[in-house]
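Structure below is run21.txt: compact mmCIF, C-alpha atoms.
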# COMPACT_ATOMS: atom_id res chain seq x y z
CA MET F 288 136.67 53.60 96.27
CA ALA F 289 138.19 55.54 99.20
CA LYS F 290 135.24 57.97 99.18
CA ALA F 291 132.74 55.08 99.14
CA ARG F 292 134.55 53.39 102.08
CA SER F 293 134.50 56.70 104.00
CA GLU F 294 130.77 57.02 103.49
CA GLN F 295 130.23 53.40 104.54
CA ASP F 296 132.43 53.87 107.63
CA ASP F 297 130.40 56.96 108.63
CA ARG F 298 127.17 54.98 108.33
CA LYS F 299 128.60 52.15 110.42
CA ARG F 300 129.83 54.51 113.15
CA ARG F 301 126.58 56.47 113.36
CA SER F 302 124.39 55.26 116.21
CA ARG F 303 120.68 54.89 116.04
CA GLY F 304 118.98 58.28 116.48
CA ASP F 305 121.96 60.22 115.16
CA GLY F 306 120.27 60.71 111.78
CA GLY F 307 121.30 59.48 108.38
CA ILE F 308 122.43 60.49 104.92
CA HIS F 309 121.14 59.07 101.66
CA TRP F 310 121.48 59.82 97.96
CA ASP F 311 118.40 61.23 96.21
CA GLU F 312 118.62 60.16 92.60
CA LYS F 313 115.86 62.48 91.43
CA ARG F 314 117.36 65.61 93.02
CA GLN F 315 120.95 64.46 92.47
CA ARG F 316 121.84 65.52 96.00
CA TYR F 317 122.74 63.92 99.32
CA ILE F 318 119.94 64.26 101.89
CA ALA F 319 120.68 64.42 105.62
CA THR F 320 117.76 63.42 107.85
CA VAL F 321 117.40 63.71 111.63
CA ASP F 322 114.54 62.26 113.67
CA LEU F 323 113.10 64.94 116.03
CA GLY F 324 110.60 62.69 117.76
CA PHE F 325 106.84 63.28 117.73
CA ASP F 326 104.68 66.37 117.77
CA ALA F 327 101.62 67.01 120.01
CA ARG F 328 99.41 64.97 117.66
CA GLY F 329 101.73 62.01 117.64
CA LYS F 330 103.09 62.66 114.17
CA ARG F 331 106.77 61.97 113.63
CA LYS F 332 108.90 65.05 113.00
CA THR F 333 112.06 65.02 110.91
CA LYS F 334 114.56 67.65 109.90
CA ARG F 335 116.21 67.48 106.50
CA ALA F 336 119.10 69.25 104.83
CA SER F 337 120.76 68.64 101.48
CA GLY F 338 124.19 69.00 99.94
CA LYS F 339 125.76 68.54 96.54
CA THR F 340 128.47 66.40 98.12
CA TYR F 341 128.40 63.84 100.88
CA THR F 342 130.74 65.98 102.98
CA GLU F 343 128.45 69.02 102.67
CA ALA F 344 125.43 66.97 103.74
CA LYS F 345 127.42 65.50 106.64
CA ASP F 346 128.43 68.99 107.84
CA LYS F 347 124.80 70.09 107.81
CA LEU F 348 123.82 66.95 109.70
CA LYS F 349 126.42 67.75 112.36
CA GLU F 350 125.13 71.31 112.61
CA ILE F 351 121.57 70.10 113.17
CA GLN F 352 122.70 67.54 115.71
CA ARG F 353 124.85 70.11 117.54
CA ALA F 354 121.87 72.47 117.84
CA LEU F 355 119.71 69.66 119.20
CA ASP F 356 122.36 68.66 121.73
CA ASP F 357 122.61 72.28 122.91
CA GLY F 358 118.85 72.58 123.20
CA LEU F 359 118.72 75.22 120.45
CA PRO F 360 116.10 75.41 117.69
CA VAL F 361 117.02 73.99 114.33
CA THR F 362 116.82 76.90 111.89
CA PRO F 363 115.74 76.26 108.30
CA HIS F 364 118.42 76.63 105.63
CA THR F 365 116.10 77.87 102.88
CA TYR F 366 113.94 80.39 104.77
CA LYS F 367 114.31 83.58 102.73
CA VAL F 368 114.32 87.25 103.67
CA LYS F 369 111.15 87.87 101.67
CA GLU F 370 109.33 85.19 103.68
CA ALA F 371 110.32 86.90 106.92
CA VAL F 372 109.23 90.32 105.63
CA ASN F 373 105.90 89.02 104.31
CA ALA F 374 105.23 87.25 107.62
CA PHE F 375 105.89 90.50 109.49
CA LEU F 376 103.58 92.48 107.20
CA LYS F 377 100.84 89.88 107.67
CA TYR F 378 101.10 89.16 111.40
CA GLY F 379 103.25 91.89 112.95
CA LEU F 380 101.08 94.90 112.10
CA ARG F 381 97.72 93.77 113.48
CA LYS F 382 97.47 96.76 115.81
CA CYS F 383 98.40 99.28 113.13
CA GLY F 384 96.07 101.28 110.93
CA LYS F 385 95.38 100.52 107.29
CA GLU F 386 97.48 103.44 106.08
CA THR F 387 100.47 102.25 108.13
CA VAL F 388 100.17 98.72 106.70
CA LYS F 389 99.85 100.17 103.22
CA ASN F 390 102.91 102.37 103.68
CA TYR F 391 105.05 99.55 105.16
CA THR F 392 104.03 97.19 102.36
CA TYR F 393 104.91 99.81 99.75
CA LEU F 394 108.38 100.32 101.26
CA ALA F 395 109.02 96.59 101.63
CA ASP F 396 107.94 95.84 98.06
CA GLY F 397 109.97 98.75 96.71
CA HIS F 398 113.22 98.57 98.66
CA ILE F 399 113.64 95.36 100.68
CA ILE F 400 112.28 92.42 98.71
CA PRO F 401 113.78 93.38 95.30
CA CYS F 402 117.27 93.76 96.82
CA LEU F 403 117.44 91.17 99.62
CA GLY F 404 114.29 89.08 99.21
CA GLU F 405 115.87 85.99 97.63
CA ARG F 406 118.70 85.77 100.16
CA ASN F 407 118.51 82.89 102.65
CA LEU F 408 117.90 84.60 105.98
CA ARG F 409 120.42 82.53 107.92
CA GLU F 410 123.12 83.49 105.39
CA LEU F 411 122.38 87.23 105.44
CA SER F 412 125.36 89.16 106.80
CA ALA F 413 125.69 92.57 108.45
CA ASP F 414 128.03 93.62 105.63
CA GLU F 415 125.33 92.93 103.05
CA VAL F 416 122.80 94.98 105.04
CA ASP F 417 125.30 97.84 105.38
CA ASP F 418 125.96 97.83 101.63
CA TRP F 419 122.22 97.77 100.92
CA LEU F 420 121.54 100.72 103.27
CA GLU F 421 124.45 102.67 101.80
CA GLU F 422 123.07 102.23 98.30
CA LEU F 423 119.59 103.33 99.39
CA SER F 424 121.04 106.42 101.08
CA LEU F 425 121.86 107.81 97.62
CA THR F 426 118.16 108.20 96.80
CA LEU F 427 116.12 108.02 100.03
CA SER F 428 115.73 110.51 102.87
CA THR F 429 117.14 109.69 106.30
CA ARG F 430 113.61 109.29 107.68
CA THR F 431 112.68 106.77 104.98
CA LEU F 432 115.96 104.91 105.51
CA ARG F 433 115.20 104.57 109.22
CA LEU F 434 111.75 103.24 108.43
CA VAL F 435 113.01 100.70 105.87
CA HIS F 436 115.71 99.53 108.31
CA SER F 437 113.06 99.22 111.04
CA ILE F 438 110.82 97.06 108.83
CA LEU F 439 113.67 94.66 108.04
CA ASN F 440 114.89 94.63 111.65
CA ARG F 441 111.42 93.85 113.01
CA SER F 442 110.90 91.19 110.33
CA VAL F 443 114.11 89.37 111.28
CA ARG F 444 113.34 89.77 114.99
CA MET F 445 109.96 88.11 114.45
CA ALA F 446 111.65 85.31 112.48
CA GLN F 447 114.13 84.92 115.34
CA LYS F 448 111.29 84.51 117.85
CA ARG F 449 109.83 81.81 115.62
CA ASP F 450 113.11 79.90 115.42
CA LYS F 451 113.65 80.68 111.73
CA VAL F 452 117.07 82.23 112.39
CA LYS F 453 119.39 82.27 115.39
CA ARG F 454 120.57 85.88 115.32
CA ASN F 455 119.50 89.23 113.94
CA VAL F 456 122.32 90.83 111.95
CA VAL F 457 120.17 93.82 110.98
CA GLN F 458 120.27 95.24 114.49
CA LEU F 459 124.06 95.42 114.21
CA CYS F 460 123.82 97.94 111.37
CA GLU F 461 123.67 101.72 111.73
CA VAL F 462 121.38 103.74 109.49
CA PRO F 463 123.42 106.10 107.28
CA THR F 464 122.47 109.68 106.57
CA GLY F 465 120.24 109.91 103.52
CA GLN F 466 119.13 112.72 101.27
CA ASP F 467 117.55 115.85 102.65
CA GLY F 468 113.80 115.47 102.88
CA ARG F 469 111.31 118.10 101.77
CA PRO F 470 111.23 120.68 104.58
CA SER F 471 107.86 121.87 105.83
CA LYS F 472 107.13 125.56 105.54
CA SER F 473 104.40 128.07 106.24
CA LEU F 474 102.53 130.63 104.21
CA THR F 475 103.23 134.31 104.79
CA LEU F 476 100.40 136.59 105.90
CA GLU F 477 99.98 137.82 102.32
CA GLN F 478 99.92 134.25 101.00
CA VAL F 479 97.35 133.22 103.61
CA GLU F 480 95.06 136.03 102.48
CA ALA F 481 95.60 135.07 98.84
CA VAL F 482 94.71 131.42 99.51
CA LEU F 483 91.61 132.39 101.52
CA LYS F 484 90.51 134.68 98.68
CA ALA F 485 91.10 131.99 96.02
CA ALA F 486 89.12 129.43 98.05
CA GLU F 487 85.98 131.57 98.38
CA SER F 488 84.20 130.22 95.31
CA THR F 489 85.27 126.58 95.78
CA PRO F 490 83.85 123.63 97.78
CA MET F 491 87.11 123.74 99.81
CA HIS F 492 86.41 127.21 101.22
CA ALA F 493 85.24 126.20 104.72
CA TYR F 494 87.86 123.45 104.95
CA ILE F 495 90.68 125.88 104.17
CA VAL F 496 89.30 128.58 106.48
CA LEU F 497 89.15 126.14 109.42
CA SER F 498 92.60 124.77 108.62
CA LEU F 499 94.25 128.18 108.49
CA LEU F 500 92.33 129.87 111.30
CA LEU F 501 92.00 126.95 113.76
CA GLY F 502 95.08 124.82 113.00
CA ALA F 503 93.19 121.51 113.06
CA ARG F 504 94.87 118.47 111.48
CA THR F 505 93.58 117.38 108.10
CA GLU F 506 92.61 113.95 109.51
CA GLU F 507 90.63 115.73 112.26
CA LEU F 508 88.68 117.92 109.84
CA ARG F 509 87.89 114.99 107.56
CA ALA F 510 86.30 113.21 110.55
CA LEU F 511 84.46 116.28 111.91
CA THR F 512 80.68 115.81 112.24
CA TRP F 513 77.97 118.43 112.50
CA ASP F 514 77.02 117.32 116.02
CA HIS F 515 80.51 118.45 117.10
CA VAL F 516 79.98 121.94 115.69
CA ASP F 517 78.45 124.68 117.84
CA GLN F 518 77.71 127.61 115.52
CA LEU F 519 75.92 129.71 118.15
CA GLY F 520 77.84 129.46 121.40
CA LYS F 521 76.31 131.21 124.44
CA PRO F 522 76.48 134.95 123.84
CA ASP F 523 74.39 135.72 126.95
CA ALA F 524 76.54 133.65 129.33
CA VAL F 525 79.07 135.19 131.69
CA PRO F 526 81.71 134.86 130.48
CA VAL F 527 80.56 134.66 126.86
CA VAL F 528 80.94 131.22 125.23
CA LEU F 529 82.04 131.57 121.61
CA PRO F 530 80.96 129.24 118.76
CA SER F 531 83.29 126.24 118.62
CA ILE F 532 84.14 122.85 117.18
CA SER F 533 84.95 119.80 119.31
CA VAL F 534 87.94 117.91 117.92
CA TRP F 535 87.25 114.49 119.41
CA ARG F 536 87.67 112.21 116.39
CA SER F 537 89.99 111.62 113.44
CA VAL F 538 90.19 109.28 110.46
CA ARG F 539 92.89 107.29 112.22
CA GLU F 540 92.28 103.61 113.03
CA GLY F 541 89.58 103.38 115.70
CA GLY F 542 88.58 107.02 115.22
CA ASP F 543 90.84 108.31 118.00
CA THR F 544 92.78 111.54 117.81
CA LYS F 545 96.56 111.37 117.48
CA THR F 546 97.19 111.87 121.22
CA ARG F 547 95.06 112.38 124.34
CA LYS F 548 95.85 116.10 124.31
CA SER F 549 94.61 116.28 120.73
CA ARG F 550 91.04 116.02 122.09
CA ARG F 551 90.15 119.67 122.45
CA THR F 552 87.40 122.22 121.87
CA LEU F 553 88.37 125.20 119.71
CA ALA F 554 86.56 128.51 119.76
CA MET F 555 85.90 129.77 116.24
CA PRO F 556 86.63 133.25 114.91
CA THR F 557 83.75 134.89 113.04
CA ARG F 558 85.25 134.08 109.64
CA CYS F 559 85.05 130.33 110.45
CA VAL F 560 81.42 130.60 111.61
CA GLU F 561 80.38 132.40 108.44
CA ALA F 562 82.24 129.90 106.23
CA LEU F 563 80.52 126.95 107.94
CA LYS F 564 77.07 128.53 107.57
CA ALA F 565 77.60 128.94 103.84
CA HIS F 566 79.11 125.43 103.61
CA ARG F 567 76.06 123.85 105.25
CA ILE F 568 73.71 125.55 102.80
CA HIS F 569 75.78 124.24 99.88
CA GLN F 570 75.90 120.74 101.41
CA ASP F 571 72.10 120.68 101.79
CA ALA F 572 71.81 121.58 98.11
CA ARG F 573 74.20 118.77 97.14
CA ARG F 574 72.21 116.32 99.29
CA LYS F 575 69.01 117.14 97.42
CA LEU F 576 70.80 116.93 94.09
CA ALA F 577 72.29 113.50 94.92
CA GLY F 578 68.91 112.09 96.00
CA LYS F 579 69.09 108.37 96.71
CA ARG F 580 72.81 108.31 95.99
CA TRP F 581 73.50 110.37 99.13
CA GLN F 582 75.00 108.38 102.03
CA GLU F 583 74.46 110.22 105.29
CA HIS F 584 77.39 110.11 107.72
CA GLY F 585 76.81 113.46 109.39
CA LEU F 586 80.17 114.69 108.12
CA VAL F 587 80.91 118.39 107.81
CA PHE F 588 83.29 117.79 104.91
CA ALA F 589 82.11 115.04 102.59
CA SER F 590 82.12 114.01 98.94
CA GLU F 591 79.36 114.86 96.46
CA VAL F 592 77.38 111.88 97.79
CA GLY F 593 78.12 112.28 101.51
CA THR F 594 80.95 109.76 101.83
CA PRO F 595 84.21 110.51 103.73
CA LEU F 596 86.86 112.49 101.88
CA ASP F 597 90.09 110.75 100.93
CA SER F 598 93.40 112.49 101.69
CA HIS F 599 94.22 112.47 97.97
CA ASN F 600 90.94 114.29 97.17
CA VAL F 601 91.79 116.97 99.73
CA ARG F 602 95.35 117.38 98.42
CA ARG F 603 94.25 117.76 94.80
CA ALA F 604 91.50 120.26 95.67
CA PHE F 605 93.83 122.25 97.93
CA ARG F 606 96.51 122.47 95.24
CA ARG F 607 93.97 123.81 92.76
CA VAL F 608 93.21 126.61 95.21
CA VAL F 609 96.92 127.25 95.80
CA LYS F 610 97.50 127.51 92.06
CA ALA F 611 94.61 129.97 91.75
CA ALA F 612 96.27 132.02 94.51
CA GLY F 613 99.37 132.42 92.34
CA LEU F 614 101.58 129.90 94.15
CA VAL F 615 103.35 126.80 92.81
CA ALA F 616 100.85 124.04 93.57
CA LYS F 617 103.31 121.15 93.90
CA ASP F 618 105.25 123.03 96.59
CA TRP F 619 102.37 122.95 99.09
CA THR F 620 100.40 120.32 100.98
CA PRO F 621 97.30 120.64 103.23
CA ARG F 622 99.30 119.97 106.42
CA GLU F 623 101.25 123.18 105.83
CA MET F 624 98.11 125.17 106.59
CA ARG F 625 98.57 123.94 110.16
CA HIS F 626 102.20 125.10 110.10
CA SER F 627 100.97 128.46 108.81
CA PHE F 628 98.47 128.74 111.69
CA VAL F 629 101.24 128.22 114.25
CA SER F 630 103.60 130.67 112.54
CA VAL F 631 100.99 133.42 112.13
CA LEU F 632 99.98 133.24 115.80
CA SER F 633 103.62 133.20 116.91
CA ALA F 634 104.40 136.25 114.78
CA ALA F 635 101.39 137.98 116.37
CA GLY F 636 102.91 137.47 119.83
CA VAL F 637 100.78 134.56 121.09
CA ARG F 638 102.65 132.49 123.68
CA ILE F 639 104.06 129.20 122.42
CA GLU F 640 102.39 127.35 125.33
CA ASP F 641 98.97 128.61 124.21
CA ILE F 642 99.67 127.68 120.59
CA ALA F 643 100.71 124.15 121.63
CA ARG F 644 97.38 123.68 123.42
CA LEU F 645 95.44 125.00 120.42
CA VAL F 646 97.06 122.53 118.00
CA GLY F 647 96.89 119.62 120.47
CA HIS F 648 100.60 119.08 121.06
CA SER F 649 101.63 117.30 124.27
CA SER F 650 104.48 119.77 124.78
CA THR F 651 105.89 122.94 123.24
CA VAL F 652 108.94 121.16 121.80
CA VAL F 653 107.26 119.95 118.60
CA THR F 654 105.35 123.23 118.23
CA GLU F 655 108.53 125.26 118.46
CA THR F 656 110.99 123.06 116.55
CA VAL F 657 108.79 121.58 113.83
CA TYR F 658 105.73 123.77 113.30
CA ARG F 659 106.80 127.33 114.04
CA HIS F 660 108.50 129.07 111.12
CA GLN F 661 109.86 132.61 111.28
CA ILE F 662 107.67 134.55 108.87
CA ALA F 663 108.84 138.02 109.91
CA PRO F 664 111.96 139.02 107.92
CA VAL F 665 113.83 140.19 111.05
CA MET F 666 113.52 139.09 114.70
CA GLN F 667 113.19 142.56 116.16
CA HIS F 668 111.45 142.13 119.54
CA ALA F 669 114.73 142.06 121.50
CA ALA F 670 116.11 145.12 119.69
CA ILE F 671 112.97 147.16 120.42
CA THR F 672 113.04 146.11 124.07
CA MET F 673 116.71 147.05 124.42
CA ASP F 674 116.02 150.48 122.87
CA ASP F 675 113.39 151.01 125.54
CA ILE F 676 115.78 149.95 128.32
CA PHE F 677 118.85 151.78 127.01
CA PRO F 678 117.62 154.78 125.04
CA VAL F 679 120.09 156.81 123.00
CA ALA F 680 120.83 160.10 124.70
CA SER F 681 119.48 163.00 122.69
Rewrite the structure from the file as structure tokens, please.
Amino acid sequence: MAKARSEQDDRKRRSRGDGGIHWDEKRQRYIATVDLGFDARGKRKTKRASGKTYTEAKDKLKEIQRALDDGLPVTPHTYKVKEAVNAFLKYGLRKCGKETVKNYTYLADGHIIPCLGERNLRELSADEVDDWLEELSLTLSTRTLRLVHSILNRSVRMAQKRDKVKRNVVQLCEVPTGQDGRPSKSLTLEQVEAVLKAAESTPMHAYIVLSLLLGARTEELRALTWDHVDQLGKPDAVPVVLPSISVWRSVREGGDTKTRKSRRTLAMPTRCVEALKAHRIHQDARRKLAGKRWQEHGLVFASEVGTPLDSHNVRRAFRRVVKAAGLVAKDWTPREMRHSFVSVLSAAGVRIEDIARLVGHSSTVVTETVYRHQIAPVMQHAAITMDDIFPVAS
């Protein structure tokens, strides 16, 4: 009786426009309703919240009313983390390439939604996010952890902008150190020769020769067209113009190279020229064999029917060559041919500034810290120089 009188007194005290609370027999819950006026089309807007008890519904009603009085958006109680993440994947990546969207979706589906997806976003706490990141750090690399944290952070930030939640607790959390990732490495001079030898009788021969001797990115070679290949150069010019390829495109979204400095023209050593001549003869033969199935795209490196190569096709074919060269196939990826190019040139005494321009880096920092690997067993240049400066008295 006392509870019923309390509920009746609350209803009597509540002024018009303050909202109301009623019992929903079907849902077996108290429903709090607040009138928010009309939208741009003249349709009445209401905000509802529910509670198992009258007191719980009344508290939610007060919270809604307090937000309205303060001019703040009324955040939904049941908007879940997975809804925020899915909205970000659908609308927040419009300027990103297909591979980026695919990668983000894979990480979200694998690590965010299964663990936090069913949590109401407004109830998500920084402690929960910290615990989640700490658990992931036992299996994921630090780089992947940062990316997963970024996806969740950007998802909540987008939800915040759309008045789905008032604050972003994810940005309060630090990314822990994860597992060591697979370090990149380079082939030794002997291994480079072995791979080149093993590739000679394969369709990947020219691709591998250009990768190892020019240092082009795999996405640049997959987009290379014959009209960007100059196999003759200008031998009679002064100075002589060597045969070259123009790296102006890539398989990235929009066809642009990774950076502005990645657009470059690379002179080809003789071994590259000879490999491309043989490759073109083989491609012409495949074109005739394919007949009507051939789809002409003008690509230097294409499938058996002329279509663009997929990165997975290149990786599988490259690893077959690596295995034939006597190396462990799973330990190597096509991008490490580019690392090998940088390391071989560096070991031969080529200046790091010149190498950075050849591989299309905007500065020498990435070339030196990420791509260059010491392939000589001992760094002996300084010792030889010091012997010349301070010779031992005989």
Test item: residues at most 8 Å from Val443 of chain F, only C-alpha atoms, excluding those fewer than 4 positions along its chain, as an mmCIF file with C-alpha atoms, keeping the file's coordinate frame:
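Ended up saving to part-v6.cif:
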data_model
loop_
_atom_site.group_PDB
_atom_site.id
_atom_site.type_symbol
_atom_site.label_atom_id
_atom_site.label_comp_id
_atom_site.auth_asym_id
_atom_site.auth_seq_id
_atom_site.Cartn_x
_atom_site.Cartn_y
_atom_site.Cartn_z
ATOM 1 C CA VAL F 368 114.320 87.250 103.670
ATOM 2 C CA ALA F 371 110.320 86.900 106.920
ATOM 3 C CA VAL F 372 109.230 90.320 105.630
ATOM 4 C CA LEU F 439 113.670 94.660 108.040
ATOM 5 C CA GLN F 447 114.130 84.920 115.340
ATOM 6 C CA VAL F 452 117.070 82.230 112.390
ATOM 7 C CA ASN F 455 119.500 89.230 113.940
ATOM 8 C CA VAL F 457 120.170 93.820 110.980
#
Which residues of segment 424-483 of chain F have any atom within 12 Å of an atom in segment 396-410 of chain F when counting all atoms listed in the file, and what is the closest pair of atoms for each, with the distance in Å to one decimal? Order the rows by chain and rising number and write it as CSV.
residue,atom,partner,partner_atom,distance
F:Ser424,CA,F:His398,CA,11.3
F:Thr426,CA,F:His398,CA,11.0
F:Leu427,CA,F:His398,CA,10.0
F:Thr431,CA,F:His398,CA,10.4
F:Leu432,CA,F:His398,CA,9.7
F:Leu434,CA,F:His398,CA,10.9
F:Val435,CA,F:Ile399,CA,7.5
F:His436,CA,F:Ile399,CA,8.9
F:Ser437,CA,F:Ile399,CA,11.1
F:Ile438,CA,F:Ile399,CA,8.8
F:Leu439,CA,F:Ile399,CA,7.4
F:Asn440,CA,F:Ile399,CA,11.1
F:Ser442,CA,F:Leu408,CA,10.6
F:Val443,CA,F:Leu408,CA,8.1
F:Arg444,CA,F:Leu408,CA,11.3
F:Ala446,CA,F:Leu408,CA,9.0
F:Gln447,CA,F:Arg409,CA,10.0
F:Asp450,CA,F:Arg409,CA,10.8
F:Lys451,CA,F:Arg409,CA,8.0
F:Val452,CA,F:Arg409,CA,5.6
F:Lys453,CA,F:Arg409,CA,7.5
F:Arg454,CA,F:Arg409,CA,8.1
F:Asn455,CA,F:Arg409,CA,9.1
F:Val456,CA,F:Arg409,CA,9.4
F:Val457,CA,F:Leu408,CA,10.7
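Non-sequential neighbours of Lys610 of chain F (distance at most 10 Å, separation of 5 or more positions within a chain, all atoms listed in the file) are Val482, Ala485, Phe605, Val615, Ala616, Lys617 and Trp619 of chain F.
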So how many Å separate atom CA of Lys448 of chain F and atom CA of Ala374 of chain F, to one decimal?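 Rounded to one decimal, the two atoms are 12.2 Å apart.
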Find the residue from F:Thr340, F:Ser473, F:Thr365, F:Asn600 that sits nearest to Pro490 of chain F; use all atoms listed in the file when measuring.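 Counting all atoms listed in the file, the residue closest to Pro490 of chain F is F:Asn600.
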Which value, in Å to one decimal, gives the distance between atom CA of Thr505 of chain F and atom CA of Leu576 of chain F?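 Separating atom CA of Thr505 of chain F from atom CA of Leu576 of chain F is a distance of 26.7 Å.
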Figure out the distance between atom CA of Ala562 of chain F and atom CA of Thr475 of chain F, please, to one decimal in Å.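 Spanning atom CA of Thr475 of chain F to atom CA of Ala562 of chain F is a straight-line distance of 21.5 Å.
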Counting only C-alpha atoms, figure out which residue out of F:Tyr378, F:Val534, F:Leu420, F:Lys579 gets nearest to Pro463 of chain F. F:Leu420
Contacts of Leu474 of chain F within 9 Å, all atoms listed in the file, excl. fewer than 3 positions in-chain, as a list in words: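 After dropping sequence-adjacent residues, the list is Glu477, Gln478, Val479, Glu623, Met624, His626, Ser627, Phe628, Ser630, Val631 and Ile662 of chain F.
Of the residues listed (F:Arg606, F:Thr557, F:Thr512, F:Ala524), F:Thr512 shows the shortest atom-to-atom separation from Leu586 of chain F; distances use all atoms listed in the file.
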Nearest to Lys377 of chain F among F:Leu483, F:Lys389, F:Lys339, F:Gly502, with distances taken over all atoms listed in the file: which residue is it? F:Lys389
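Between Leu529 of chain F and the residues F:Pro556, F:Gly578, F:Gly465, F:Gly636, the shortest atom-to-atom distance, using all atoms listed in the file, involves F:Pro556.
Minimum atom-to-atom distances from F:Ala643, F:Ala572, F:Val416, F:Ala319 to Ser549 of chain F were compared using all atoms listed in the file, and the lowest value belongs to F:Ala643.
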Scan for residues within 12 Å of the point (109.8, 119.9, 103.7) in the coordinates of the file, using all atoms listed in the file, and reply as number ranges by chain. F: 428, 430, 467-473, 617-620, 622-623, 626, 657-658, 660
For Thr594 of chain F, find every residue with an atom within 10 Å (counting all atoms listed in the file), except residues of its own chain fewer than 4 positions away, and show them as a PyMOL selection string. chain F and resi 581-586+588-590
